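Undergrad: Structure file structure_35.cif (mmCIF, C-alpha atoms) right here:
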data_entry
loop_
_atom_site.label_atom_id
_atom_site.label_comp_id
_atom_site.auth_asym_id
_atom_site.auth_seq_id
_atom_site.Cartn_x
_atom_site.Cartn_y
_atom_site.Cartn_z
CA MET G 1 -54.11 -63.97 87.73
CA GLU G 2 -51.60 -65.99 85.71
CA ILE G 3 -54.39 -67.24 83.44
CA ALA G 4 -55.52 -63.66 82.77
CA ILE G 5 -51.98 -62.59 81.89
CA LEU G 6 -51.64 -65.61 79.59
CA LEU G 7 -54.89 -64.74 77.79
CA ILE G 8 -53.81 -61.10 77.29
CA THR G 9 -50.46 -62.29 75.93
CA LEU G 10 -52.18 -64.63 73.45
CA VAL G 11 -54.45 -61.81 72.23
CA ILE G 12 -51.48 -59.51 71.68
CA LEU G 13 -49.59 -62.22 69.79
CA SER G 14 -52.66 -62.93 67.64
CA GLU G 15 -53.07 -59.26 66.68
CA THR G 16 -49.33 -58.98 65.95
CA SER G 17 -49.51 -62.03 63.64
CA VAL G 18 -52.39 -60.49 61.70
CA LEU G 19 -50.45 -57.24 61.21
CA VAL G 20 -47.37 -59.14 60.03
CA PHE G 21 -49.48 -61.19 57.59
CA LYS G 22 -51.06 -58.05 56.15
CA LYS G 23 -47.66 -56.46 55.78
CA PHE G 24 -46.21 -59.30 53.75
CA LYS G 25 -49.30 -60.44 51.85
CA PRO G 26 -48.80 -59.68 48.11
CA ALA G 27 -51.00 -56.81 47.00
CA LYS G 28 -53.27 -57.26 44.03
CA SER G 29 -51.41 -56.22 40.90
CA SER G 30 -52.13 -52.65 39.88
CA HIS G 31 -50.06 -52.93 36.69
CA ARG G 32 -51.64 -52.35 33.34
CA LYS G 33 -52.52 -55.43 31.37
CA ILE G 34 -50.59 -56.09 28.17
CA TYR G 35 -52.37 -58.48 25.81
CA ILE G 36 -50.00 -60.51 23.63
CA ASP G 37 -51.14 -61.37 20.12
CA THR G 38 -50.22 -64.33 17.91
CA SER G 39 -47.64 -62.42 15.85
CA VAL G 40 -45.59 -61.51 18.94
CA LEU G 41 -45.49 -65.09 20.20
CA ILE G 42 -44.40 -66.36 16.78
CA ASP G 43 -41.76 -63.60 16.57
CA GLY G 44 -40.25 -64.73 19.89
CA ARG G 45 -38.33 -61.57 20.85
CA ILE G 46 -40.79 -60.90 23.69
CA VAL G 47 -38.98 -63.49 25.85
CA ASP G 48 -35.67 -61.58 25.80
CA ILE G 49 -37.51 -58.29 26.35
CA ALA G 50 -39.36 -59.74 29.35
CA LYS G 51 -36.10 -60.99 30.88
CA THR G 52 -34.72 -57.44 30.98
CA GLY G 53 -37.39 -56.38 33.48
CA PHE G 54 -38.33 -53.25 31.52
CA LEU G 55 -41.97 -54.25 30.98
CA ASP G 56 -44.24 -52.37 33.39
CA GLY G 57 -47.34 -54.54 33.13
CA ASP G 58 -48.78 -58.02 33.44
CA LEU G 59 -48.57 -60.07 30.25
CA ILE G 60 -51.91 -61.62 29.32
CA ILE G 61 -52.21 -64.43 26.77
CA LEU G 62 -55.77 -65.25 25.73
CA LYS G 63 -56.68 -68.92 25.40
CA SER G 64 -58.00 -68.19 21.91
CA VAL G 65 -54.51 -67.01 20.89
CA LEU G 66 -53.04 -70.33 22.03
CA LEU G 67 -55.76 -72.24 20.21
CA GLU G 68 -54.94 -70.34 17.01
CA LEU G 69 -51.28 -71.32 17.40
CA GLN G 70 -52.29 -74.93 18.07
CA LEU G 71 -54.31 -75.00 14.85
CA LEU G 72 -51.23 -73.80 12.96
CA ALA G 73 -49.03 -76.37 14.71
CA ASP G 74 -51.45 -79.18 13.80
CA GLY G 75 -51.93 -78.08 10.18
CA LYS G 76 -50.64 -79.75 7.04
CA ASP G 77 -48.45 -76.86 5.89
CA GLN G 78 -44.88 -77.37 7.20
CA ASP G 79 -44.07 -73.64 7.40
CA LYS G 80 -47.26 -72.90 9.33
CA ARG G 81 -46.60 -75.84 11.65
CA ASN G 82 -43.18 -74.41 12.47
CA LEU G 83 -44.69 -70.98 13.18
CA GLY G 84 -47.36 -72.48 15.42
CA ARG G 85 -44.86 -74.51 17.40
CA ALA G 86 -42.55 -71.51 17.75
CA GLY G 87 -45.42 -69.44 19.15
CA LEU G 88 -46.42 -72.14 21.64
CA ASN G 89 -42.80 -72.48 22.79
CA THR G 90 -42.61 -68.71 23.32
CA ALA G 91 -45.76 -68.77 25.47
CA SER G 92 -44.27 -71.58 27.56
CA GLU G 93 -40.98 -69.70 28.00
CA LEU G 94 -42.79 -66.49 29.03
CA GLU G 95 -44.48 -68.31 31.90
CA ARG G 96 -41.03 -69.19 33.26
CA VAL G 97 -39.63 -65.64 33.15
CA VAL G 98 -39.43 -64.37 36.74
CA ASN G 99 -39.26 -60.67 35.87
CA VAL G 100 -42.87 -60.50 34.66
CA ASN G 101 -46.24 -61.91 35.61
CA THR G 102 -47.68 -63.91 32.71
CA GLU G 103 -51.28 -65.13 32.83
CA ILE G 104 -53.31 -67.38 30.54
CA VAL G 105 -56.91 -66.11 30.40
CA ASP G 106 -59.77 -68.26 29.15
CA ASP G 107 -61.82 -66.23 26.67
CA THR G 108 -63.06 -69.12 24.56
CA GLY G 109 -66.71 -68.65 25.55
CA GLY G 110 -67.31 -66.15 22.76
CA LEU G 111 -67.47 -66.69 19.01
CA LYS G 112 -65.36 -63.69 17.99
CA LYS G 113 -62.22 -63.94 15.90
CA VAL G 114 -58.94 -63.72 17.83
CA ASP G 115 -58.12 -60.13 16.84
CA GLU G 116 -61.67 -59.01 17.58
CA GLU G 117 -61.49 -60.63 21.01
CA LEU G 118 -58.14 -58.95 21.73
CA LEU G 119 -59.54 -55.55 20.80
CA LYS G 120 -62.72 -56.06 22.83
CA ILE G 121 -61.00 -57.24 26.03
CA ALA G 122 -58.14 -54.72 25.84
CA LYS G 123 -60.65 -51.89 25.47
CA GLU G 124 -62.83 -53.12 28.33
CA GLU G 125 -59.84 -53.58 30.65
CA LYS G 126 -58.13 -50.36 29.51
CA GLY G 127 -55.09 -52.44 28.63
CA ALA G 128 -52.58 -52.42 25.79
CA ILE G 129 -52.06 -54.81 22.89
CA MET G 130 -48.53 -55.94 22.05
CA THR G 131 -48.31 -56.81 18.37
CA ILE G 132 -46.27 -56.47 15.20
CA ASP G 133 -49.36 -56.92 13.02
CA TYR G 134 -49.64 -53.66 11.04
CA ASN G 135 -53.37 -54.01 10.37
CA LEU G 136 -54.18 -54.80 14.00
CA ILE G 137 -52.20 -51.74 15.08
CA LYS G 138 -54.22 -49.50 12.77
CA VAL G 139 -57.55 -50.89 14.03
CA ALA G 140 -56.44 -50.52 17.66
CA GLU G 141 -55.41 -46.91 17.05
CA ALA G 142 -58.83 -46.20 15.57
CA GLU G 143 -60.41 -47.73 18.68
CA LYS G 144 -58.15 -45.60 20.95
CA ILE G 145 -56.44 -48.70 22.30
CA GLU G 146 -52.76 -48.44 23.23
CA THR G 147 -50.41 -50.64 21.21
CA LEU G 148 -46.84 -51.77 21.84
CA ASN G 149 -44.92 -52.58 18.66
CA ILE G 150 -41.74 -54.62 19.17
CA ASN G 151 -40.46 -53.39 15.81
CA ASP G 152 -40.63 -49.80 17.09
CA LEU G 153 -38.68 -50.85 20.18
CA SER G 154 -36.09 -52.55 18.00
CA LEU G 155 -35.67 -49.37 15.96
CA ALA G 156 -35.22 -47.29 19.11
CA VAL G 157 -32.43 -49.43 20.58
CA ARG G 158 -30.87 -50.79 17.39
CA ASP G 159 -27.14 -51.19 16.95
CA ASP G 160 -26.30 -49.62 13.60
CA PHE G 161 -23.91 -51.45 11.34
CA ILE G 162 -20.95 -49.53 9.98
CA PRO G 163 -20.69 -49.47 6.16
CA ASN G 164 -18.62 -52.46 4.96
CA GLU G 165 -18.79 -54.08 8.40
CA ARG G 166 -18.66 -57.88 8.21
CA PHE G 167 -20.59 -60.47 10.20
CA LYS G 168 -21.60 -64.11 9.93
CA ILE G 169 -25.11 -65.30 9.20
CA LYS G 170 -26.80 -68.54 8.22
CA ILE G 171 -28.65 -68.46 4.90
CA THR G 172 -32.00 -70.16 5.48
CA GLU G 173 -33.84 -69.63 2.19
CA LYS G 174 -33.72 -68.07 -1.26
CA GLY G 175 -34.78 -64.44 -1.68
CA SER G 176 -37.56 -63.09 -3.87
CA ASN G 177 -35.09 -61.78 -6.45
CA ARG G 178 -32.78 -63.92 -8.49
CA GLY G 179 -29.54 -64.87 -6.76
CA GLN G 180 -30.56 -63.56 -3.33
CA GLY G 181 -30.21 -65.57 -0.13
CA VAL G 182 -32.03 -64.70 3.09
CA GLY G 183 -31.06 -65.10 6.74
CA HIS G 184 -32.06 -63.56 10.05
CA LEU G 185 -30.24 -61.94 12.94
CA LYS G 186 -30.92 -63.18 16.50
CA ASN G 187 -33.42 -60.34 16.98
CA GLY G 188 -35.42 -61.49 13.96
CA THR G 189 -34.16 -58.85 11.51
CA MET G 190 -34.17 -60.15 7.94
CA VAL G 191 -30.87 -60.01 6.05
CA VAL G 192 -30.97 -60.17 2.24
CA VAL G 193 -27.63 -61.26 0.79
CA GLU G 194 -26.67 -60.84 -2.86
CA ASN G 195 -25.43 -63.90 -4.75
CA ALA G 196 -26.14 -66.22 -1.82
CA ALA G 197 -29.02 -68.30 -3.20
CA SER G 198 -26.70 -71.29 -3.54
CA LYS G 199 -25.63 -71.02 0.12
CA VAL G 200 -28.95 -72.10 1.70
CA GLY G 201 -28.21 -74.05 4.90
CA GLN G 202 -24.69 -72.63 5.18
CA GLU G 203 -23.19 -70.01 7.51
CA VAL G 204 -21.43 -67.35 5.47
CA THR G 205 -19.56 -64.10 6.01
CA VAL G 206 -21.34 -61.06 4.63
CA GLU G 207 -20.59 -57.37 4.30
CA PHE G 208 -23.19 -54.80 5.35
CA SER G 209 -24.44 -52.59 2.51
CA LYS G 210 -27.57 -50.75 3.66
CA PHE G 211 -30.79 -51.19 5.58
CA PHE G 212 -34.43 -50.32 5.10
CA GLU G 213 -36.75 -49.83 8.07
CA ASN G 214 -40.20 -48.66 9.10
CA SER G 215 -42.79 -49.58 11.76
CA ALA G 216 -43.55 -52.79 9.89
CA GLY G 217 -39.99 -54.03 10.39
CA ARG G 218 -36.37 -53.74 9.36
CA MET G 219 -34.47 -55.32 6.48
CA ILE G 220 -30.70 -55.39 6.04
CA PHE G 221 -29.00 -55.75 2.66
CA ALA G 222 -25.55 -57.28 2.50
CA LYS G 223 -23.01 -58.66 0.06
CA LEU G 224 -21.54 -62.14 0.16
CA VAL G 225 -17.83 -62.11 1.04
CA ARG G 226 -16.05 -64.66 -1.09
CA GLU G 227 -13.51 -66.98 0.55
CA GLY G 228 -10.01 -65.55 0.44
CA LYS G 229 -11.24 -61.98 0.00
CA LYS G 230 -9.73 -59.57 2.50
#
For this file, produce the structure as structure tokens.
TA:
Amino acid sequence: MEIAILLITLVILSETSVLVFKKFKPAKSSHRKIYIDTSVLIDGRIVDIAKTGFLDGDLIILKSVLLELQLLADGKDQDKRNLGRAGLNTASELERVVNVNTEIVDDTGGLKKVDEELLKIAKEEKGAIMTIDYNLIKVAEAEKIETLNINDLSLAVRDDFIPNERFKIKITEKGSNRGQGVGHLKNGTMVVVENAASKVGQEVTVEFSKFFENSAGRMIFAKLVREGKK
């Protein structure tokens, strides 16, 4: 009799364990898939966006995208090497962000170009492409593929500068016009500063003048504040 009771108890415990396991077993993700392109990884702002927890999908990075960045990082051109390394660092940081699920998917079996592969897979999986590449966005729209443009997001949540407002910025290079210096805000926005070409490598105080923006990006124009000027 005692053996029978023991057997019944073991069966009940076994069934209870199965129910508990099913209750706590992670369900297969039903989120949409967001395919990250090379331009977004190089841009880098995706890491801060991911940390906010606002993204409602799984971030997918194709192996071919990483290979393209590696080719840049291994190239002879110093500027392209820096871009490639920045993109690879962004991919590595994304994998450590706990608020989103980031996956590396091997797609290197095909011979398609990276953008073509992104379009093909996103369409097949009914996913979205995150990019700031204007041409890729236009092709995706023609193919009825959803796109997420970080520049559009930046425009939607931007903090407007007040006319004559002052802020500090590091001048990193000369501008396209004579006398201009160029720097960037933390969010990647380009700042063109008048009469700052000689300040490359220096942090300077500038005064906001105006900005120009569209879906391709945003550009701020500012004036150099001379030392001693109040």
Undergrad: Could you write out as JSON, numbers by chain the residues that the PyMOL selection byres ((chain G and resi 127) around 9) matches in the shown file?
TA: {"G": [32, 33, 34, 35, 121, 122, 123, 124, 125, 126, 128, 129, 145, 146, 147]}
Undergrad: I need the residues from that last selection saved to file as a PDB file, in the coordinates of the input (with C-alpha atoms), if you can.
TA:
ATOM      1  CA  ARG G  32     -51.640 -52.350  33.340  1.00  0.00           C
ATOM      2  CA  LYS G  33     -52.520 -55.430  31.370  1.00  0.00           C
ATOM      3  CA  ILE G  34     -50.590 -56.090  28.170  1.00  0.00           C
ATOM      4  CA  TYR G  35     -52.370 -58.480  25.810  1.00  0.00           C
ATOM      5  CA  ILE G 121     -61.000 -57.240  26.030  1.00  0.00           C
ATOM      6  CA  ALA G 122     -58.140 -54.720  25.840  1.00  0.00           C
ATOM      7  CA  LYS G 123     -60.650 -51.890  25.470  1.00  0.00           C
ATOM      8  CA  GLU G 124     -62.830 -53.120  28.330  1.00  0.00           C
ATOM      9  CA  GLU G 125     -59.840 -53.580  30.650  1.00  0.00           C
ATOM     10  CA  LYS G 126     -58.130 -50.360  29.510  1.00  0.00           C
ATOM     11  CA  ALA G 128     -52.580 -52.420  25.790  1.00  0.00           C
ATOM     12  CA  ILE G 129     -52.060 -54.810  22.890  1.00  0.00           C
ATOM     13  CA  ILE G 145     -56.440 -48.700  22.300  1.00  0.00           C
ATOM     14  CA  GLU G 146     -52.760 -48.440  23.230  1.00  0.00           C
ATOM     15  CA  THR G 147     -50.410 -50.640  21.210  1.00  0.00           C
TER      16      THR G 147
END
Undergrad: Could you pull the residues within 8 Å of Thr131 of chain G, counting only C-alpha atoms, minus those fewer than 4 positions along the same chain, as a list in words?
TA: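 Counting only C-alpha atoms, the residues come to Ile36, Asp37, Thr38, Ser39, Val40, Leu136, Ile137, Thr147, Leu148, Asn149 and Ile150 of chain G.
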Undergrad: Leaving out Val191 of chain G and any residue of its chain fewer than 5 positions from it, which residues lie within 9 Å of it when counting only C-alpha atoms, given as a ChimeraX atom specification?
TA: /G:169,171,181-185,211,218-222
Undergrad: If you count all atoms listed in the file, which residues fall within 8 Å of Ile104 of chain G, apart from same-chain ones fewer than 6 positions away, as a ChimeraX atom specification?
TA: /G:60-63
Undergrad: Check the smallest atom-to-atom distance from each of G:Leu69, G:Thr102, G:Asn82, G:Ser92 to Ala50 of chain G using all atoms listed in the file, then report the winner.
TA: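 Nearest to Ala50 of chain G: G:Thr102.
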Undergrad: Near segment 173-177 of chain G, counting all atoms listed in the file, which residues have an atom at most 12 Å away, once you skip same-chain residues fewer than 5 positions from it, shown as a PyMOL selection string?
TA: chain G and resi 182-184+190-203+221
Undergrad: Given the selection you just returned, output its residues as a file containing C-alpha atoms, formatted as a PDB file, in the frame of the given file.
TA:
ATOM      1  CA  VAL G 182     -32.030 -64.700   3.090  1.00  0.00           C
ATOM      2  CA  GLY G 183     -31.060 -65.100   6.740  1.00  0.00           C
ATOM      3  CA  HIS G 184     -32.060 -63.560  10.050  1.00  0.00           C
ATOM      4  CA  MET G 190     -34.170 -60.150   7.940  1.00  0.00           C
ATOM      5  CA  VAL G 191     -30.870 -60.010   6.050  1.00  0.00           C
ATOM      6  CA  VAL G 192     -30.970 -60.170   2.240  1.00  0.00           C
ATOM      7  CA  VAL G 193     -27.630 -61.260   0.790  1.00  0.00           C
ATOM      8  CA  GLU G 194     -26.670 -60.840  -2.860  1.00  0.00           C
ATOM      9  CA  ASN G 195     -25.430 -63.900  -4.750  1.00  0.00           C
ATOM     10  CA  ALA G 196     -26.140 -66.220  -1.820  1.00  0.00           C
ATOM     11  CA  ALA G 197     -29.020 -68.300  -3.200  1.00  0.00           C
ATOM     12  CA  SER G 198     -26.700 -71.290  -3.540  1.00  0.00           C
ATOM     13  CA  LYS G 199     -25.630 -71.020   0.120  1.00  0.00           C
ATOM     14  CA  VAL G 200     -28.950 -72.100   1.700  1.00  0.00           C
ATOM     15  CA  GLY G 201     -28.210 -74.050   4.900  1.00  0.00           C
ATOM     16  CA  GLN G 202     -24.690 -72.630   5.180  1.00  0.00           C
ATOM     17  CA  GLU G 203     -23.190 -70.010   7.510  1.00  0.00           C
ATOM     18  CA  PHE G 221     -29.000 -55.750   2.660  1.00  0.00           C
TER      19      PHE G 221
END
Undergrad: To one decimal place in Å, what is the distance between atom CA of Gly44 of chain G and atom CA of Gly75 of chain G?
TA: 20.2 Å
Undergrad: What does the distance between atom CA of Gly217 of chain G and atom CA of Thr172 of chain G come to in Å, to one decimal place?
TA: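 So the answer is 18.7 Å.
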Undergrad: Which of these residues is nearest to Gly87 of chain G, using only C-alpha atoms: G:Arg178, G:Lys51, G:Arg45, G:Lys113?
TA: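 Between G:Arg178, G:Lys51, G:Arg45, G:Lys113, the residue approaching Gly87 of chain G most closely is G:Arg45.
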Undergrad: Smallest atom-to-atom distance to Lys80 of chain G: which of G:Ile42, G:Leu224, G:Val139, G:Ile162, using all atoms listed in the file?
TA: G:Ile42
Undergrad: Considering only C-alpha atoms, can you say which of G:Val206, G:Val100, G:Leu83, G:Leu119 comes closest to Gly57 of chain G?
TA: G:Val100
Undergrad: Restricting the calculation to only C-alpha atoms, which member of G:Ala73, G:Phe54, G:His31, G:Glu103 is positioned closest to Leu153 of chain G?
TA: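 Under the stated criterion, the closest residue is G:Phe54.
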Undergrad: If you measure from atom CA of Glu207 of chain G to atom CA of Lys168 of chain G, what distance in Å do you get, rounded to one decimal?
TA: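 Spanning atom CA of Glu207 of chain G to atom CA of Lys168 of chain G is a straight-line distance of 8.8 Å.
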Undergrad: Hey, what comes out of the PyMOL selection byres ((chain G and resi 114) around 8) on this file? Could you write it as a ChimeraX atom specification?
TA: /G:64-65,68,112-113,115-118
Undergrad: Measuring atom to atom with all atoms listed in the file, identify which of G:Leu41, G:Asp56, G:Asp48, G:Ile132 is nearest to Asn89 of chain G.
TA: G:Leu41
Undergrad: Segment 160-178 of chain G, all listed atoms, 8 Å padding on each side: what axis-aligned box centre and edge lengths in Å to one decimal come out, as lines of an AutoDock Vina configuration file?
TA:
center_x = -28.1
center_y = -59.8
center_z = 2.6
size_x = 34.9
size_y = 36.7
size_z = 38.1
